[in-house]
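Just upload32.txt here, compact mmCIF, C-alpha atoms:
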# COMPACT_ATOMS: atom_id res chain seq x y z
CA MET I 1 83.79 102.57 177.60
CA THR I 2 80.10 102.44 177.12
CA SER I 3 80.31 104.84 174.23
CA ILE I 4 82.99 102.67 172.59
CA ALA I 5 80.82 99.59 173.06
CA LYS I 6 77.90 101.49 171.61
CA TRP I 7 80.00 102.62 168.69
CA ILE I 8 81.19 99.07 168.01
CA THR I 9 77.66 97.71 168.21
CA GLN I 10 76.43 100.38 165.88
CA ALA I 11 79.28 99.75 163.48
CA PHE I 12 78.43 96.07 163.39
CA GLU I 13 74.74 96.74 162.97
CA LYS I 14 75.52 98.95 160.04
CA ASP I 15 77.78 96.29 158.57
CA GLU I 16 75.14 93.65 158.92
CA GLY I 17 72.67 95.90 157.22
CA GLU I 18 75.00 96.46 154.32
CA GLU I 19 75.79 92.79 154.15
CA LEU I 20 72.12 91.96 153.90
CA ILE I 21 71.71 94.25 150.94
CA GLN I 22 74.85 93.00 149.23
CA HIS I 23 74.14 89.34 149.82
CA GLN I 24 70.47 89.27 149.08
CA ALA I 25 69.59 86.03 147.33
CA LYS I 26 69.06 86.54 143.63
CA PRO I 27 65.69 85.46 142.22
CA TYR I 28 65.46 82.12 140.45
CA SER I 29 65.81 82.06 136.69
CA ASN I 30 63.04 81.89 134.10
CA PRO I 31 61.70 78.31 134.22
CA TYR I 32 61.56 77.93 130.43
CA LEU I 33 65.19 79.04 130.06
CA VAL I 34 66.23 76.67 132.85
CA GLY I 35 64.26 73.91 131.10
CA ILE I 36 66.12 74.53 127.83
CA GLY I 37 69.43 74.46 129.73
CA LEU I 38 68.50 71.24 131.50
CA GLY I 39 67.37 69.76 128.18
CA ILE I 40 70.74 70.57 126.60
CA VAL I 41 72.53 68.92 129.56
CA LEU I 42 70.39 65.81 129.07
CA LEU I 43 70.96 65.86 125.30
CA SER I 44 74.72 66.11 125.89
CA ALA I 45 74.55 63.01 128.08
CA PHE I 46 72.72 61.16 125.30
CA VAL I 47 75.17 62.27 122.61
CA ILE I 48 78.40 61.87 124.60
CA MET I 49 77.58 58.85 126.74
CA GLY I 50 74.55 57.15 125.21
CA ARG I 51 72.73 57.39 128.51
CA GLY I 52 70.67 59.92 130.44
CA LEU I 53 70.83 61.46 133.91
CA GLY I 54 70.15 59.80 137.24
CA ALA I 55 70.17 60.29 140.98
CA SER I 56 68.80 57.42 143.05
CA GLY I 57 71.23 54.92 141.50
CA ALA I 58 74.19 56.48 143.31
CA LEU I 59 72.53 55.96 146.69
CA SER I 60 71.65 52.38 145.74
CA THR I 61 75.31 51.65 145.05
CA LEU I 62 76.25 53.18 148.42
CA VAL I 63 73.66 51.03 150.22
CA ALA I 64 74.71 47.85 148.38
CA VAL I 65 78.42 48.46 149.03
CA THR I 66 77.76 49.16 152.72
CA VAL I 67 75.64 46.02 153.16
CA ASN I 68 78.25 44.00 151.29
CA SER I 69 81.11 45.24 153.45
CA ILE I 70 79.26 44.65 156.74
CA ALA I 71 77.64 41.30 155.85
CA PRO I 72 79.04 39.92 152.57
CA GLU I 73 77.39 36.53 153.01
CA HIS I 74 74.04 38.33 153.36
CA SER I 75 74.28 40.27 150.10
CA VAL I 76 75.55 37.39 147.96
CA GLY I 77 72.23 35.71 147.23
CA ASN I 78 70.38 39.00 146.80
CA ASN I 79 70.00 40.01 143.15
CA PHE I 80 69.29 43.64 144.03
CA TYR I 81 72.55 44.14 145.91
CA SER I 82 74.65 42.03 143.57
CA GLU I 83 73.56 44.08 140.56
CA TYR I 84 74.98 47.23 142.13
CA ILE I 85 78.10 45.50 143.44
CA GLY I 86 78.82 43.76 140.16
CA ASP I 87 81.58 41.22 139.71
CA SER I 88 84.75 41.91 141.66
CA SER I 89 86.65 43.01 138.51
CA THR I 90 85.97 46.70 139.14
CA ASN I 91 85.36 48.83 142.21
CA PRO I 92 81.57 49.37 142.42
CA LEU I 93 82.16 52.93 143.63
CA LYS I 94 83.88 53.78 140.34
CA ASP I 95 80.43 54.24 138.95
CA TRP I 96 79.08 56.76 136.43
CA LEU I 97 76.12 57.79 138.60
CA ILE I 98 78.28 58.26 141.71
CA PHE I 99 80.50 60.72 139.86
CA GLN I 100 77.51 62.41 138.25
CA THR I 101 75.84 62.81 141.65
CA LEU I 102 79.03 64.27 143.14
CA GLY I 103 78.87 66.73 140.26
CA VAL I 104 75.26 67.62 141.13
CA LEU I 105 76.34 68.40 144.70
CA ALA I 106 79.22 70.55 143.42
CA GLY I 107 77.10 72.28 140.76
CA GLY I 108 74.28 73.01 143.19
CA PHE I 109 76.72 74.48 145.69
CA LEU I 110 78.48 76.52 143.01
CA SER I 111 75.29 77.98 141.56
CA GLY I 112 73.85 78.62 145.03
CA THR I 113 77.03 80.37 146.17
CA ILE I 114 77.19 82.63 143.13
CA SER I 115 73.56 83.66 143.62
CA HIS I 116 73.87 83.96 147.43
CA ARG I 117 71.33 81.22 147.99
CA VAL I 118 73.39 78.88 150.17
CA LYS I 119 71.81 79.25 153.59
CA LYS I 120 71.32 76.87 156.48
CA GLY I 121 67.60 76.42 156.93
CA VAL I 122 64.53 74.21 156.93
CA GLU I 123 62.03 74.19 154.08
CA LYS I 124 58.47 74.14 155.42
CA GLY I 125 55.19 76.01 155.58
CA PRO I 126 54.33 78.30 158.52
CA ARG I 127 51.95 75.89 160.25
CA ILE I 128 54.28 73.00 161.07
CA SER I 129 57.13 72.58 163.55
CA THR I 130 60.67 71.83 162.43
CA LYS I 131 60.57 68.51 164.30
CA MET I 132 57.46 67.36 162.44
CA ARG I 133 58.98 68.56 159.17
CA PHE I 134 61.95 66.28 159.80
CA VAL I 135 59.60 63.34 160.50
CA TYR I 136 57.82 63.94 157.19
CA ALA I 137 61.11 64.41 155.36
CA PHE I 138 62.31 61.02 156.61
CA ILE I 139 59.04 59.23 155.77
CA GLY I 140 58.87 60.87 152.34
CA GLY I 141 62.49 60.06 151.62
CA ALA I 142 61.97 56.42 152.58
CA LEU I 143 58.88 56.16 150.35
CA LEU I 144 60.71 57.78 147.45
CA GLY I 145 63.76 55.57 147.85
CA TRP I 146 61.59 52.46 147.96
CA GLY I 147 59.31 53.55 145.09
CA ALA I 148 62.19 54.61 142.84
CA LYS I 149 63.84 51.21 143.24
CA LEU I 150 60.62 49.39 142.39
CA ALA I 151 60.20 51.61 139.34
CA ARG I 152 63.83 51.16 138.18
CA GLY I 153 64.53 54.87 138.46
CA CYS I 154 63.44 58.20 139.86
CA MET I 155 62.37 61.58 138.46
CA SER I 156 65.78 62.00 136.81
CA GLY I 157 66.33 58.51 135.43
CA GLN I 158 62.73 57.76 134.51
CA ALA I 159 60.62 60.90 134.14
CA LEU I 160 63.26 63.21 132.64
CA THR I 161 65.53 60.80 130.76
CA GLY I 162 62.89 58.26 129.78
CA GLY I 163 60.45 61.07 129.03
CA ALA I 164 62.78 62.54 126.40
CA LEU I 165 63.43 59.05 124.98
CA LEU I 166 59.66 58.48 124.73
CA ASN I 167 60.06 55.37 126.86
CA LEU I 168 56.63 53.82 127.54
CA GLY I 169 57.33 52.81 131.15
CA SER I 170 58.86 56.20 131.96
CA TRP I 171 55.74 58.05 130.83
CA VAL I 172 53.58 55.73 132.94
CA PHE I 173 55.92 56.38 135.87
CA MET I 174 55.72 60.16 135.36
CA MET I 175 51.90 60.17 135.21
CA MET I 176 51.73 58.06 138.37
CA VAL I 177 54.09 60.43 140.22
CA PHE I 178 51.69 63.28 139.50
CA VAL I 179 48.70 61.11 140.50
CA GLY I 180 50.36 60.19 143.82
CA GLY I 181 51.44 63.77 144.49
CA TYR I 182 48.08 65.36 143.76
CA ALA I 183 46.16 62.62 145.60
CA ALA I 184 48.10 63.16 148.83
CA ALA I 185 48.62 66.95 148.55
CA TYR I 186 45.38 67.82 150.32
CA PHE I 187 46.08 65.61 153.34
CA ILE I 188 49.59 66.93 153.80
CA ARG I 189 48.78 70.61 153.14
CA ARG I 190 49.57 71.76 156.70
CA GLN I 191 53.21 71.00 156.00
CA TRP I 192 53.46 73.31 153.01
CA ILE I 193 50.77 76.00 152.98
CA MET Y 1 82.18 61.21 113.82
CA ASN Y 2 79.42 59.07 115.25
CA ALA Y 3 77.43 59.41 118.45
CA PRO Y 4 76.98 58.34 121.23
CA PHE Y 5 80.73 58.98 121.42
CA TYR Y 6 81.34 56.59 124.34
CA LYS Y 7 79.74 53.71 122.42
CA PHE Y 8 82.16 54.31 119.55
CA ASP Y 9 85.15 54.18 121.91
CA TYR Y 10 86.23 57.78 121.46
CA PHE Y 11 87.32 57.70 125.12
CA ASN Y 12 87.70 55.10 127.86
CA ALA Y 13 85.78 54.36 131.09
CA ASP Y 14 88.04 56.51 133.27
CA VAL Y 15 87.43 59.54 131.07
CA SER Y 16 83.70 58.79 131.22
CA LEU Y 17 83.83 59.34 135.00
CA ILE Y 18 85.29 62.83 134.49
CA ILE Y 19 82.52 63.50 131.97
CA ALA Y 20 80.01 62.21 134.53
CA PHE Y 21 81.28 64.76 137.04
CA VAL Y 22 81.13 67.63 134.52
CA ILE Y 23 77.64 66.72 133.32
CA GLY Y 24 76.61 66.40 136.99
CA ILE Y 25 77.86 69.94 137.68
CA ALA Y 26 75.77 71.29 134.79
CA PHE Y 27 72.77 69.27 136.01
CA GLY Y 28 73.20 70.66 139.54
CA ILE Y 29 73.50 74.25 138.29
CA ALA Y 30 70.32 73.89 136.21
CA LEU Y 31 68.35 72.42 139.12
CA GLU Y 32 69.57 75.11 141.53
CA LYS Y 33 68.85 77.94 139.08
CA GLY Y 34 65.37 76.54 138.55
CA GLY Y 35 64.60 76.82 142.27
CA PHE Y 36 64.52 73.03 142.65
CA GLY Y 37 66.66 73.13 145.80
CA LYS Y 38 63.65 74.45 147.69
CA ALA Y 39 60.95 72.02 148.86
CA THR Y 40 58.42 74.85 149.18
CA ILE Y 41 58.80 75.62 145.46
CA LEU Y 42 58.77 71.96 144.40
CA THR Y 43 55.63 71.10 146.36
CA SER Y 44 53.73 74.25 145.35
CA GLN Y 45 53.27 72.44 142.04
CA PHE Y 46 50.74 70.24 143.84
CA TYR Y 47 48.75 73.21 145.17
CA PHE Y 48 48.65 74.91 141.75
CA THR Y 49 50.33 78.03 143.18
CA ASN Y 50 53.60 77.70 141.26
CA MET Y 51 53.95 75.47 138.23
CA ARG Y 52 57.76 75.70 137.93
CA VAL Y 53 58.22 71.93 138.20
CA LEU Y 54 55.97 71.28 135.23
CA LYS Y 55 57.47 74.13 133.16
CA VAL Y 56 61.12 73.20 133.73
CA MET Y 57 60.49 69.48 133.41
CA PHE Y 58 58.49 69.60 130.19
CA THR Y 59 60.72 72.23 128.57
CA ALA Y 60 63.72 70.00 129.33
CA ILE Y 61 61.98 66.89 127.98
CA VAL Y 62 60.90 68.70 124.80
CA THR Y 63 64.37 70.23 124.26
CA ALA Y 64 66.23 66.93 124.67
CA MET Y 65 63.59 65.01 122.71
CA LEU Y 66 63.69 67.42 119.73
CA GLY Y 67 67.49 67.51 119.77
CA LEU Y 68 67.76 63.75 119.81
CA TYR Y 69 65.10 63.41 117.13
CA PHE Y 70 66.88 65.72 114.69
CA LEU Y 71 70.33 64.30 115.45
CA SER Y 72 69.06 60.77 114.84
CA VAL Y 73 67.19 61.69 111.65
CA MET Y 74 70.42 63.31 110.39
CA GLY Y 75 72.15 60.03 111.11
CA PHE Y 76 74.51 61.52 113.67
CA VAL Y 77 73.23 59.66 116.74
CA ASP Y 78 72.54 55.93 116.62
CA LEU Y 79 69.38 55.75 118.77
CA SER Y 80 69.72 52.00 119.29
CA LEU Y 81 72.89 52.69 121.28
CA VAL Y 82 71.19 55.09 123.72
CA TYR Y 83 70.25 53.15 126.84
CA LEU Y 84 66.53 52.64 127.32
CA THR Y 85 65.22 51.26 130.62
CA PRO Y 86 63.06 48.19 129.90
CA THR Y 87 59.39 48.59 130.74
CA ASN Y 88 57.86 46.53 133.52
CA LEU Y 89 54.52 48.23 133.49
CA LEU Y 90 52.97 47.28 136.84
CA PRO Y 91 56.00 47.75 139.12
CA MET Y 92 56.75 51.05 137.35
CA ALA Y 93 53.19 52.29 137.89
CA VAL Y 94 53.17 51.25 141.58
CA GLY Y 95 56.69 52.61 142.07
CA GLY Y 96 55.64 55.90 140.47
CA LEU Y 97 52.64 56.19 142.79
CA VAL Y 98 54.76 55.54 145.89
CA ALA Y 99 57.42 57.94 144.61
CA GLY Y 100 54.73 60.61 144.09
CA LEU Y 101 53.57 60.16 147.70
CA GLY Y 102 57.19 60.37 148.84
CA PHE Y 103 57.67 63.54 146.79
CA ILE Y 104 54.78 65.47 148.37
CA ILE Y 105 55.42 64.11 151.90
CA GLY Y 106 59.19 64.50 151.79
CA GLY Y 107 59.33 67.64 149.67
CA TYR Y 108 62.08 66.55 147.28
CA CYS Y 109 63.00 63.97 144.68
CA PRO Y 110 66.41 62.27 144.72
CA GLY Y 111 68.18 64.72 142.37
CA THR Y 112 66.72 67.88 143.85
CA SER Y 113 67.48 66.72 147.40
CA MET Y 114 71.19 66.67 146.47
CA VAL Y 115 71.00 70.31 145.40
CA ALA Y 116 69.06 71.17 148.57
CA VAL Y 117 71.72 69.44 150.70
CA ALA Y 118 74.43 71.37 148.85
CA THR Y 119 72.66 74.66 149.58
CA GLY Y 120 72.24 73.99 153.30
CA LYS Y 121 68.70 72.66 153.68
CA LEU Y 122 68.59 70.55 156.86
CA ASP Y 123 65.30 68.87 155.96
CA ALA Y 124 66.89 67.68 152.71
CA MET Y 125 69.64 65.98 154.72
CA VAL Y 126 66.98 64.13 156.72
CA PHE Y 127 65.24 63.29 153.43
CA VAL Y 128 68.43 61.73 152.03
CA VAL Y 129 68.82 59.63 155.19
CA GLY Y 130 65.21 58.53 154.69
CA MET Y 131 65.96 57.62 151.07
CA ILE Y 132 68.93 55.50 152.11
CA PHE Y 133 66.66 53.76 154.63
CA GLY Y 134 63.98 53.18 151.96
CA ILE Y 135 66.50 51.71 149.53
CA PHE Y 136 67.87 49.47 152.30
CA VAL Y 137 64.35 48.24 153.12
CA PHE Y 138 63.77 47.59 149.40
CA GLY Y 139 67.02 45.64 149.20
CA GLU Y 140 66.14 43.56 152.26
CA MET Y 141 62.68 42.67 150.97
CA PHE Y 142 63.87 42.20 147.38
CA PRO Y 143 63.85 38.36 147.42
CA ALA Y 144 60.17 38.49 148.44
CA ILE Y 145 59.12 40.99 145.75
CA GLU Y 146 61.53 39.96 143.00
CA SER Y 147 58.83 38.23 140.96
CA PHE Y 148 56.64 41.36 141.08
CA PHE Y 149 59.66 43.54 140.23
CA ASN Y 150 60.16 41.49 137.05
CA SER Y 151 56.45 41.13 136.22
CA SER Y 152 54.58 42.64 133.23
CA ASP Y 153 57.83 42.69 131.30
CA MET Y 154 57.38 44.47 127.95
CA GLY Y 155 61.07 44.74 127.11
CA THR Y 156 62.51 48.01 125.81
CA ILE Y 157 59.56 49.72 124.21
CA THR Y 158 58.95 53.33 123.21
CA LEU Y 159 55.65 55.16 122.74
CA PRO Y 160 56.02 55.19 118.92
CA ALA Y 161 56.65 51.42 118.93
CA TYR Y 162 53.77 50.72 121.30
CA PHE Y 163 51.20 52.81 119.42
CA ASN Y 164 52.71 51.90 116.07
CA LEU Y 165 53.09 55.56 115.08
CA PRO Y 166 55.99 57.32 113.33
CA TYR Y 167 58.66 58.67 115.73
CA GLY Y 168 58.29 62.21 114.34
CA LEU Y 169 54.52 62.22 114.87
CA VAL Y 170 54.82 61.26 118.55
CA VAL Y 171 57.49 63.95 118.97
CA PHE Y 172 55.03 66.43 117.44
CA PHE Y 173 52.22 65.28 119.80
CA VAL Y 174 54.46 65.69 122.84
CA VAL Y 175 55.42 69.22 121.74
CA LEU Y 176 51.73 70.10 121.31
CA MET Y 177 50.91 68.60 124.71
CA ALA Y 178 53.71 70.59 126.34
CA ILE Y 179 52.53 73.85 124.77
CA GLY Y 180 49.02 73.10 126.02
CA ALA Y 181 50.36 72.35 129.50
CA PHE Y 182 52.38 75.60 129.54
CA ALA Y 183 49.34 77.63 128.53
CA ALA Y 184 47.24 75.95 131.24
CA ALA Y 185 50.01 76.49 133.80
CA GLU Y 186 50.33 80.22 133.02
CA TRP Y 187 46.57 80.65 133.15
CA GLY Y 188 46.25 78.67 136.39
CA GLU Y 189 49.05 80.58 138.09
CA LYS Y 190 47.41 83.92 137.30
CA LYS Y 191 44.11 82.62 138.67
CA MET Y 192 45.75 81.39 141.87
CA ALA Y 193 47.76 84.59 142.28
CA ALA Y 194 44.57 86.63 142.03
CA LYS Y 195 42.95 84.37 144.61
CA THR Y 196 45.75 84.23 147.18
CA GLY Y 197 47.25 87.65 146.46
CA LYS Y 198 50.73 86.16 146.54
CA GLU Y 199 53.40 86.82 143.98
CA ILE Y 200 54.87 83.85 142.16
CA ILE Y 201 58.58 83.33 142.65
Using structure tokens, write down the structure that the file contains.
Amino acid sequence: MTSIAKWITQAFEKDEGEELIQHQAKPYSNPYLVGIGLGIVLLSAFVIMGRGLGASGALSTLVAVTVNSIAPEHSVGNNFYSEYIGDSSTNPLKDWLIFQTLGVLAGGFLSGTISHRVKKGVEKGPRISTKMRFVYAFIGGALLGWGAKLARGCMSGQALTGGALLNLGSWVFMMMVFVGGYAAAYFIRRQWI
Amino acid sequence: MNAPFYKFDYFNADVSLIIAFVIGIAFGIALEKGGFGKATILTSQFYFTNMRVLKVMFTAIVTAMLGLYFLSVMGFVDLSLVYLTPTNLLPMAVGGLVAGLGFIIGGYCPGTSMVAVATGKLDAMVFVVGMIFGIFVFGEMFPAIESFFNSSDMGTITLPAYFNLPYGLVVFFVVLMAIGAFAAAEWGEKKMAAKTGKEII
């Protein structure tokens, strides 16, 4: 019995070893080639739709719809919520950015699966606990959500899209993102390096 | 045939949602392939160890900008029909600063966090919950900051219009700037790699 157990264990160990080799994550692509690809995606959006890419807008619609369904009287007088809810002629969830964001989730999963890069894990440097990483992730997410709404867009809608359209406000936004990032990088370095 | 196609009613709103999904898939693939689903890669931009964010971002901007420039000069795309976010200078600058802080603290931006969620990053899921909270807080305080949100309104204005320069010249400047930034990034990465002894992914 023990020898069978040993044999099974060994067989599995061997399998795992093989699996590791087979399923090793592929390296990321050349950044300039990816940039050209991303630029063509953005250009297609301009040519086909007359608009660029976005990300934070989909979450804004979700928040506005949720607030509106829980407390409709509360969202009525609020111009921020009502802009995302729109008039009642169409369903606010039938929104371009919602479908585009669903596509981003699908595309990310597809590409990650093909390259064996889908793996449950936490992104952090070696000097910080997972719990603290989650705290920072929440705070950072909240700041980004708030900042993107004040700026009328995020890195996709402003920096990338507006950048290519040579939009004045988008370039100011982009420069300020780098200023904010570099200014705080030193103080938050334990999280990443 | 004239572009933007949607603005010339080549297809209806329902079809546009299918197109949104397809374009989103391509967007997601590009971000994932670029390594943008990993917070450690995204934030290394701010420690000068890996300049992928700058390289991908500026190459994409230059590619789309050049494409749009030539297509509009050829008369194929009507630029006035491509949506341009109006500029409210002060709220955009403050929003950008806060978003930059959120980026380095949280590790992602909204688009990249979606890719990170799709590839199993638990911290990205927490980040998205944080974003939803931040947007909710913004919505709740909106009546109080609405006047600031709408302040310094400059309308829809591009860099060529603001500086009163020809469109093509600004395009040329941006290309030059990008090439300069790429050269600096390559040089800086080599310097940092020599210093830390780490290979760049």
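Between atom CA of Thr161 of chain I and atom CA of Leu53 of chain I the separation is 6.2 Å.
Residues in contact with segment 157-160 of chain I at up to 6 Å, not including ones fewer than 2 positions away on its chain and judged by all atoms listed in the file, are I:Leu53, I:Gly54, I:Gly153, I:Cys154, I:Met155, I:Gly162, I:Gly163, I:Ser170, I:Met174.
Remark: for chain I, the closest of the candidate residues Y:Asn50, Y:Thr87, Y:Asn12, Y:Gln45 is Y:Thr87 (distances computed over all atoms listed in the file).
Atom CA of Val62 of chain Y is found 10.5 Å from atom CA of Leu43 of chain I.
Of the residues listed (I:Ser89, I:Leu38, I:His116, I:Gly57), I:Leu38 shows the shortest atom-to-atom separation from chain Y; distances use all atoms listed in the file.
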Around the point (72.9, 47.4, 154.7) (coordinates from the file), which residues reach within 12 Å if we count all atoms listed in the file? Answer as a PyMOL selection string. (chain I and resi 59-75+78+80-81) or (chain Y and resi 132-141)
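Residues within 7 Å of segment 28-35 of chain Y, counting only C-alpha atoms and excluding same-chain residues fewer than 4 positions away, are Tyr28, Ser29, Pro31, Val34, Gly37, Leu38, Gly103, Val104, Leu105, Gly107, Gly108, Ser111 and Gly112 of chain I; Gly24, Ile41, Thr112 and Val115 of chain Y.
Considering all atoms listed in the file, the residue among I:Val122, I:Leu93, I:Met175, I:Ala45 positioned nearest to Asp123 of chain Y is I:Val122.
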One decimal, in Å: what's the spacing between atom CA of Leu90 of chain Y and atom CA of Ala178 of chain Y? 25.6 Å
Segment 153-161 of chain Y: which residues within 12 Å, counting only C-alpha atoms, same-chain residues fewer than 6 positions away excluded, as an MDAnalysis selection string? (chainID I and resid 162:172) or (chainID Y and resid 79:80 82:92 147 167:174)
Hey, what's within 12 Å of Met192 of chain Y if we count all atoms listed in the file and toss same-chain stuff fewer than 2 positions away? As a PDB file with C-alpha atoms, in the coordinates of the input, please?
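Dumped everything to part.pdb:
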ATOM      1  CA  SER Y  44      53.730  74.250 145.350  1.00  0.00           C
ATOM      2  CA  GLN Y  45      53.270  72.440 142.040  1.00  0.00           C
ATOM      3  CA  TYR Y  47      48.750  73.210 145.170  1.00  0.00           C
ATOM      4  CA  PHE Y  48      48.650  74.910 141.750  1.00  0.00           C
ATOM      5  CA  THR Y  49      50.330  78.030 143.180  1.00  0.00           C
ATOM      6  CA  ASN Y  50      53.600  77.700 141.260  1.00  0.00           C
ATOM      7  CA  MET Y  51      53.950  75.470 138.230  1.00  0.00           C
ATOM      8  CA  ALA Y 185      50.010  76.490 133.800  1.00  0.00           C
ATOM      9  CA  GLU Y 186      50.330  80.220 133.020  1.00  0.00           C
ATOM     10  CA  TRP Y 187      46.570  80.650 133.150  1.00  0.00           C
ATOM     11  CA  GLY Y 188      46.250  78.670 136.390  1.00  0.00           C
ATOM     12  CA  GLU Y 189      49.050  80.580 138.090  1.00  0.00           C
ATOM     13  CA  LYS Y 190      47.410  83.920 137.300  1.00  0.00           C
ATOM     14  CA  ALA Y 194      44.570  86.630 142.030  1.00  0.00           C
ATOM     15  CA  LYS Y 195      42.950  84.370 144.610  1.00  0.00           C
ATOM     16  CA  THR Y 196      45.750  84.230 147.180  1.00  0.00           C
ATOM     17  CA  GLY Y 197      47.250  87.650 146.460  1.00  0.00           C
ATOM     18  CA  LYS Y 198      50.730  86.160 146.540  1.00  0.00           C
ATOM     19  CA  GLU Y 199      53.400  86.820 143.980  1.00  0.00           C
ATOM     20  CA  ILE Y 200      54.870  83.850 142.160  1.00  0.00           C
TER      21      ILE Y 200
END
Might you pull out every residue within 9 Å of Gly100 of chain Y, with all atoms listed in the file counted and same-chain residues fewer than 2 positions away left off, and present them as a ChimeraX atom specification? /I:143-144,147,174,176-184 /Y:95-98,102-105,109
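Closest approach to Ile179 of chain Y among I:Ala25, I:Arg189, I:Tyr32, I:Ala142 is made by I:Tyr32 (distances from all atoms listed in the file).
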How big is the axis-aligned box around the listed atoms of segment 110-114 of chain I once 3 Å is added on each side, and where is its centre? Give both in Å to one decimal, as AutoDock Vina command-line options.
--center_x 76.2 --center_y 79.6 --center_z 143.9 --size_x 10.6 --size_y 12.1 --size_z 10.6
Residue with the minimum atom-to-atom distance to chain Y, picked from I:Gly86, I:Gly39, I:Leu110, I:Gly77 with all atoms listed in the file counted, is I:Gly39
